[in-house]
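File shown: model_24.txt (compact mmCIF, C-alpha atoms and all ligand atoms).
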# COMPACT_ATOMS: atom_id res chain seq x y z
CA MET A 1 0.00 0.00 0.00
CA THR A 2 1.38 3.42 -0.82
CA GLN A 3 1.94 5.71 2.08
CA HIS A 4 -0.12 8.89 1.75
CA VAL A 5 1.38 11.14 4.39
CA ILE A 6 4.26 11.20 6.89
CA VAL A 7 3.56 12.85 10.25
CA LYS A 8 6.36 13.65 12.73
CA GLN A 9 5.36 14.89 16.18
CA ILE A 10 8.11 16.81 17.96
CA PRO A 11 7.78 18.20 21.52
CA VAL A 12 9.64 21.50 21.42
CA GLY A 13 10.97 24.14 23.83
CA SER A 14 10.38 24.78 27.51
CA PHE A 15 6.58 24.76 27.03
CA GLN A 16 6.71 21.30 25.36
CA VAL A 17 4.51 22.49 22.55
CA MET A 18 3.91 19.88 19.86
CA THR A 19 5.43 20.92 16.55
CA TYR A 20 4.50 18.84 13.49
CA LEU A 21 6.33 18.09 10.30
CA VAL A 22 3.97 16.74 7.62
CA VAL A 23 5.57 15.37 4.47
CA CYS A 24 4.15 14.23 1.13
CA PRO A 25 6.08 10.96 0.62
CA GLN A 26 5.85 11.15 -3.18
CA THR A 27 7.27 14.66 -3.63
CA ARG A 28 8.84 15.50 -0.19
CA GLU A 29 6.94 18.79 -0.27
CA SER A 30 6.03 19.52 3.36
CA VAL A 31 4.62 21.86 5.96
CA ILE A 32 5.74 22.61 9.46
CA ILE A 33 2.94 23.32 11.94
CA ASP A 34 3.56 25.59 14.96
CA PRO A 35 7.36 25.81 15.07
CA ALA A 36 7.57 26.51 18.77
CA GLY A 37 11.34 26.80 19.27
CA ASP A 38 14.40 24.49 19.10
CA GLU A 39 14.82 25.72 15.52
CA GLU A 40 18.22 24.09 14.96
CA GLU A 41 16.81 20.64 15.85
CA LEU A 42 13.76 21.21 13.66
CA PHE A 43 15.96 22.30 10.80
CA ALA A 44 18.14 19.18 11.19
CA LEU A 45 15.04 16.96 11.16
CA ILE A 46 13.73 18.70 8.05
CA GLN A 47 17.04 18.07 6.32
CA SER A 48 17.25 14.42 7.39
CA GLU A 49 13.70 13.85 6.05
CA GLU A 50 14.67 15.59 2.81
CA ALA A 51 11.56 17.68 3.38
CA ARG A 52 11.01 20.77 1.27
CA ILE A 53 8.94 23.12 3.38
CA LYS A 54 6.35 24.97 1.33
CA TYR A 55 4.50 26.65 4.19
CA ILE A 56 5.07 27.43 7.87
CA LEU A 57 1.59 27.04 9.36
CA ASN A 58 0.44 28.51 12.65
CA THR A 59 -2.70 27.19 14.30
CA HIS A 60 -3.08 30.44 16.26
CA ALA A 61 -1.08 33.51 17.26
CA HIS A 62 -0.11 32.59 20.84
CA ALA A 63 3.56 33.30 21.42
CA ASP A 64 4.49 29.84 22.70
CA HIS A 65 3.37 28.25 19.38
CA THR A 66 5.01 30.83 17.12
CA LEU A 67 8.42 31.26 18.81
CA GLY A 68 10.33 29.67 15.93
CA ASN A 69 8.49 31.46 13.07
CA ALA A 70 11.09 34.12 12.32
CA LYS A 71 14.18 31.92 12.47
CA LEU A 72 12.64 29.08 10.43
CA LYS A 73 11.28 31.53 7.89
CA HIS A 74 14.83 32.80 7.49
CA LEU A 75 16.35 29.29 7.27
CA LEU A 76 13.69 27.83 4.96
CA SER A 77 12.55 30.84 2.90
CA ALA A 78 8.94 29.71 3.36
CA PRO A 79 5.96 31.96 4.08
CA VAL A 80 4.25 32.03 7.49
CA CYS A 81 0.49 31.40 7.31
CA MET A 82 -2.17 32.15 9.89
CA HIS A 83 -5.93 32.69 9.96
CA GLU A 84 -6.81 36.26 9.05
CA THR A 85 -8.69 36.84 12.32
CA ASP A 86 -5.75 36.02 14.64
CA ASP A 87 -3.35 37.95 12.42
CA GLN A 88 -5.65 40.96 12.66
CA PHE A 89 -6.64 40.60 16.35
CA PHE A 90 -3.11 40.17 17.69
CA SER A 91 -1.73 43.04 15.60
CA ASP A 92 -3.57 45.51 17.86
CA ARG A 93 -1.15 47.17 20.30
CA SER A 94 -3.34 46.86 23.41
CA ILE A 95 -4.12 43.19 22.64
CA GLN A 96 -0.38 42.56 22.14
CA GLU A 97 0.40 44.09 25.53
CA MET A 98 -2.30 42.05 27.25
CA SER A 99 -1.14 38.83 25.58
CA LEU A 100 2.48 39.57 26.56
CA LYS A 101 1.32 39.89 30.18
CA GLU A 102 -0.62 36.61 29.99
CA LEU A 103 2.03 34.50 28.27
CA GLY A 104 5.25 36.27 29.24
CA LEU A 105 6.48 36.22 25.64
CA PRO A 106 6.18 38.66 22.74
CA GLY A 107 3.82 37.55 19.95
CA PRO A 108 4.72 36.75 16.34
CA ASP A 109 5.35 39.12 13.44
CA SER A 110 2.38 39.46 11.11
CA ALA A 111 1.77 36.56 8.73
CA ASP A 112 2.84 36.46 5.09
CA ILE A 113 -0.34 34.66 4.04
CA ARG A 114 -3.70 35.18 5.72
CA LEU A 115 -5.92 32.10 5.68
CA LYS A 116 -9.69 31.73 5.63
CA ASP A 117 -12.02 28.89 6.62
CA LYS A 118 -12.14 26.15 3.94
CA ASP A 119 -8.96 27.33 2.19
CA VAL A 120 -7.04 24.37 0.74
CA LEU A 121 -3.26 24.62 0.33
CA LYS A 122 -1.61 22.26 -2.12
CA VAL A 123 1.52 20.57 -0.77
CA GLY A 124 2.82 17.94 -3.18
CA MET A 125 -0.03 15.46 -3.60
CA LEU A 126 -1.58 16.58 -0.30
CA GLY A 127 -4.34 19.08 0.33
CA VAL A 128 -4.15 21.04 3.59
CA GLU A 129 -7.67 22.10 4.53
CA VAL A 130 -8.14 25.04 6.88
CA ILE A 131 -10.96 24.65 9.41
CA HIS A 132 -11.66 27.81 11.40
CA THR A 133 -12.23 26.73 15.01
CA PRO A 134 -12.44 29.87 17.16
CA GLY A 135 -12.78 29.73 20.94
CA HIS A 136 -9.25 29.38 22.32
CA THR A 137 -8.42 32.46 20.25
CA PRO A 138 -10.70 34.19 17.68
CA GLY A 139 -8.61 32.95 14.75
CA SER A 140 -7.64 29.45 15.90
CA VAL A 141 -7.71 26.87 13.13
CA CYS A 142 -7.32 23.12 12.77
CA TYR A 143 -5.54 21.77 9.72
CA LEU A 144 -6.92 18.61 8.07
CA ILE A 145 -4.41 16.69 5.96
CA HIS A 146 -5.49 13.31 4.61
CA TRP A 147 -7.58 12.44 7.72
CA HIS A 148 -4.94 13.73 10.10
CA LEU A 149 -6.38 16.63 12.09
CA PHE A 150 -3.98 19.05 13.78
CA THR A 151 -6.11 20.44 16.57
CA CYS A 152 -3.51 22.34 18.55
CA ASP A 153 -5.06 24.22 21.51
CA THR A 154 -8.66 23.72 20.33
CA LEU A 155 -8.93 20.02 21.17
CA PHE A 156 -6.55 18.08 23.41
CA VAL A 157 -6.66 14.36 24.18
CA GLY A 158 -9.35 14.31 26.90
CA ALA A 159 -9.56 18.08 27.22
CA ALA A 160 -9.84 21.37 25.33
CA GLY A 161 -8.00 24.67 25.21
CA ARG A 162 -8.22 27.49 27.75
CA THR A 163 -10.82 30.12 27.05
CA ASP A 164 -9.84 32.58 29.80
CA LEU A 165 -7.07 34.27 27.80
CA ILE A 166 -7.67 37.43 25.77
CA GLY A 167 -10.12 36.75 22.90
CA GLY A 168 -11.19 33.36 24.27
CA SER A 169 -14.80 32.13 24.52
CA LEU A 170 -16.01 28.79 25.89
CA GLU A 171 -19.32 29.06 24.02
CA THR A 172 -17.51 29.56 20.72
CA LEU A 173 -15.05 26.76 21.49
CA ILE A 174 -17.93 24.32 22.04
CA GLU A 175 -19.40 25.30 18.66
CA SER A 176 -16.01 24.63 17.08
CA LEU A 177 -15.80 21.20 18.75
CA GLU A 178 -19.29 20.47 17.39
CA LYS A 179 -17.93 21.13 13.91
CA LEU A 180 -14.96 18.78 14.46
CA ILE A 181 -17.03 15.82 15.61
CA GLY A 182 -18.75 15.87 12.21
CA LEU A 183 -15.52 14.45 10.78
CA PRO A 184 -15.14 10.67 10.30
CA LYS A 185 -14.47 8.85 13.59
CA GLU A 186 -11.18 7.42 12.31
CA THR A 187 -9.73 10.91 11.82
CA VAL A 188 -6.47 11.09 13.80
CA VAL A 189 -6.28 13.92 16.36
CA TRP A 190 -2.87 15.57 16.86
CA PRO A 191 -2.98 18.08 19.74
CA GLY A 192 -0.77 21.09 20.51
CA HIS A 193 0.29 19.76 23.92
CA ASP A 194 0.64 16.27 25.36
CA TYR A 195 -1.86 16.79 28.21
CA GLY A 196 -3.74 13.48 27.88
CA THR A 197 -3.15 9.77 28.41
CA SER A 198 -1.58 9.46 24.94
CA PRO A 199 0.08 11.93 22.56
CA SER A 200 -2.59 11.47 19.86
CA SER A 201 -6.17 10.21 19.57
CA THR A 202 -9.07 9.91 17.14
CA ILE A 203 -12.33 11.83 16.75
CA GLY A 204 -14.20 8.63 17.68
CA ARG A 205 -12.27 8.18 20.93
CA GLU A 206 -12.70 11.85 21.88
CA MET A 207 -16.47 11.54 21.26
CA GLU A 208 -16.51 8.77 23.86
CA GLU A 209 -14.04 10.08 26.42
CA ASN A 210 -13.58 13.83 26.18
CA PRO A 211 -15.78 15.60 28.76
CA TYR A 212 -15.94 18.79 26.65
CA ILE A 213 -17.70 16.68 23.99
CA THR A 214 -19.60 14.16 26.12
CA ASP A 215 -20.89 16.73 28.65
CA PHE A 216 -21.33 19.91 26.60
CA ILE A 217 -22.37 18.53 23.20
CA LEU A 218 -23.57 14.91 23.20
CA ASP A 219 -25.44 15.07 26.53
ZN ZN A 301 -2.72 28.83 22.77
ZN ZN A 302 -0.68 26.01 23.59

Turn this file's structure into structure tokens for me.
Ligand SMILES: [Zn+2]
Ligand SMILES: [Zn+2]
Amino acid sequence: MTQHVIVKQIPVGSFQVMTYLVVCPQTRESVIIDPAGDEEELFALIQSEEARIKYILNTHAHADHTLGNAKLKHLLSAPVCMHETDDQFFSDRSIQEMSLKELGLPGPDSADIRLKDKDVLKVGMLGVEVIHTPGHTPGSVCYLIHWHLFTCDTLFVGAAGRTDLIGGSLETLIESLEKLIGLPKETVVWPGHDYGTSPSSTIGREMEENPYITDFILD
């Protein structure tokens, strides 16, 4: 059977954010999702995989997930992509100051490419579908690549992202989770932090075990 997609999950930096390298095995065209630091190690991995990075994708604008943007952009000459709403929201000076206070880190530079819901980026033979899932931040997205869903801080294994930070909303997050559980149950869930009993899951398992879904949506 031909392999459709290669997924590498890499815990990065002092926050242990999950960075992902997703490679098209046929063409080696690739994306890196949330480069959160340890840029030299990420760059070495990219080289050893013979991956050609077409896009640097951010799931949202929080500083801990975007720490490596600038350096990797320089090393890889690839554009940084983010949902238009987070790019806009976090470009406001007062929001930036508030977010710096909350996270203790300065936020990212503005994106090179602003994404919208349902955008599809072509990466080799792969399509990267953008699913706007606000709630953790107003412009949080999940990326769906060949039934691998990169949920970042929207959906964790057995939990969901914080909604008490600037721009967060629990009500909106629940609506976003409702959207995600419409995906096939076999869809693999790759979170932004390893907070659960395993580093990845499936939509079907989360529908059975995740209290944000069982208590708020399916009840
Ligand atoms: Zn976050
Ligand atoms: Zn996070």

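Closest approach to ligand ZN 301 (chain A) from the set A:Ile203, A:Val7, A:Ala63, A:Ala70 is made by A:Ala63, with distances taken over all atoms listed in the file.
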
(Q) ligand ZN 302 (chain A): which residues are within 7 Å, counting only C-alpha atoms and all ligand atoms? Reply as a ChimeraX atom specification. (A) /A:17,64-65,152-153,192-193

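Distance-wise, CA of Thr197 (chain A) and CA of Val12 (chain A) end up 18.7 Å apart.
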
(Q) Please determine, counting only C-alpha atoms, which residue among A:Lys122, A:Leu103, A:Tyr55, A:Ser176 has the shortest atom-to-atom distance to Gly135 (chain A). (A) A:Ser176

Neighbours of ligand ZN 301 (chain A) within 12 Å, counting all atoms listed in the file, as a PDB file with C-alpha atoms, in the coordinates of the input?
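Saved as pocket_16.pdb:
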ATOM      1  CA  PHE A  15       6.580  24.760  27.030  1.00  0.00           C
ATOM      2  CA  VAL A  17       4.510  22.490  22.550  1.00  0.00           C
ATOM      3  CA  MET A  18       3.910  19.880  19.860  1.00  0.00           C
ATOM      4  CA  ASP A  34       3.560  25.590  14.960  1.00  0.00           C
ATOM      5  CA  ALA A  36       7.570  26.510  18.770  1.00  0.00           C
ATOM      6  CA  ASN A  58       0.440  28.510  12.650  1.00  0.00           C
ATOM      7  CA  THR A  59      -2.700  27.190  14.300  1.00  0.00           C
ATOM      8  CA  HIS A  60      -3.080  30.440  16.260  1.00  0.00           C
ATOM      9  CA  ALA A  61      -1.080  33.510  17.260  1.00  0.00           C
ATOM     10  CA  HIS A  62      -0.110  32.590  20.840  1.00  0.00           C
ATOM     11  CA  ALA A  63       3.560  33.300  21.420  1.00  0.00           C
ATOM     12  CA  ASP A  64       4.490  29.840  22.700  1.00  0.00           C
ATOM     13  CA  HIS A  65       3.370  28.250  19.380  1.00  0.00           C
ATOM     14  CA  THR A  66       5.010  30.830  17.120  1.00  0.00           C
ATOM     15  CA  ASP A  86      -5.750  36.020  14.640  1.00  0.00           C
ATOM     16  CA  SER A  99      -1.140  38.830  25.580  1.00  0.00           C
ATOM     17  CA  GLU A 102      -0.620  36.610  29.990  1.00  0.00           C
ATOM     18  CA  LEU A 103       2.030  34.500  28.270  1.00  0.00           C
ATOM     19  CA  GLY A 107       3.820  37.550  19.950  1.00  0.00           C
ATOM     20  CA  PRO A 134     -12.440  29.870  17.160  1.00  0.00           C
ATOM     21  CA  GLY A 135     -12.780  29.730  20.940  1.00  0.00           C
ATOM     22  CA  HIS A 136      -9.250  29.380  22.320  1.00  0.00           C
ATOM     23  CA  THR A 137      -8.420  32.460  20.250  1.00  0.00           C
ATOM     24  CA  PRO A 138     -10.700  34.190  17.680  1.00  0.00           C
ATOM     25  CA  GLY A 139      -8.610  32.950  14.750  1.00  0.00           C
ATOM     26  CA  SER A 140      -7.640  29.450  15.900  1.00  0.00           C
ATOM     27  CA  VAL A 141      -7.710  26.870  13.130  1.00  0.00           C
ATOM     28  CA  THR A 151      -6.110  20.440  16.570  1.00  0.00           C
ATOM     29  CA  CYS A 152      -3.510  22.340  18.550  1.00  0.00           C
ATOM     30  CA  ASP A 153      -5.060  24.220  21.510  1.00  0.00           C
ATOM     31  CA  THR A 154      -8.660  23.720  20.330  1.00  0.00           C
ATOM     32  CA  LEU A 155      -8.930  20.020  21.170  1.00  0.00           C
ATOM     33  CA  PHE A 156      -6.550  18.080  23.410  1.00  0.00           C
ATOM     34  CA  ALA A 160      -9.840  21.370  25.330  1.00  0.00           C
ATOM     35  CA  GLY A 161      -8.000  24.670  25.210  1.00  0.00           C
ATOM     36  CA  ARG A 162      -8.220  27.490  27.750  1.00  0.00           C
ATOM     37  CA  THR A 163     -10.820  30.120  27.050  1.00  0.00           C
ATOM     38  CA  ASP A 164      -9.840  32.580  29.800  1.00  0.00           C
ATOM     39  CA  LEU A 165      -7.070  34.270  27.800  1.00  0.00           C
ATOM     40  CA  ILE A 166      -7.670  37.430  25.770  1.00  0.00           C
ATOM     41  CA  GLY A 167     -10.120  36.750  22.900  1.00  0.00           C
ATOM     42  CA  GLY A 168     -11.190  33.360  24.270  1.00  0.00           C
ATOM     43  CA  PRO A 191      -2.980  18.080  19.740  1.00  0.00           C
ATOM     44  CA  GLY A 192      -0.770  21.090  20.510  1.00  0.00           C
ATOM     45  CA  HIS A 193       0.290  19.760  23.920  1.00  0.00           C
TER      46      HIS A 193
END

Q | Sphere at (-8.5, 20.8, 7.2), radius 12 Å, counting all atoms listed in the file: residues as an MDAnalysis selection string | A | chainID A and resid 59 115:122 126:133 141:151 179:180 183 187:189

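Taking CA of Leu57 (chain A) and CA of Glu97 (chain A) as the two end points, the separation is 23.5 Å.
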
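Nearest residue to Arg52 (chain A), choosing from A:His4, A:Arg28, A:Lys185, A:Arg205 and counting all atoms listed in the file: A:Arg28.
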
Q. Expressed in Å to a single decimal, how great is the separation between CA of Pro25 (chain A) and CA of Gly37 (chain A)?
A. 25.0 Å

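Among the candidates A:Phe43, A:Phe216, A:Phe90, A:Tyr195, the one nearest to Thr172 (chain A) when counting only C-alpha atoms is A:Phe216.
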
Q: Using only C-alpha atoms, pick whichever of A:Glu186, A:Asp109, A:Glu40, A:Asp215 has the shortest atom-to-atom distance to Asp87 (chain A).
A: A:Asp109

Q) Looking at only C-alpha atoms, which of A:Glu178, A:Asp194, A:Glu84, A:Asp219 is the one that sits closest to Ala159 (chain A)? A) A:Asp194
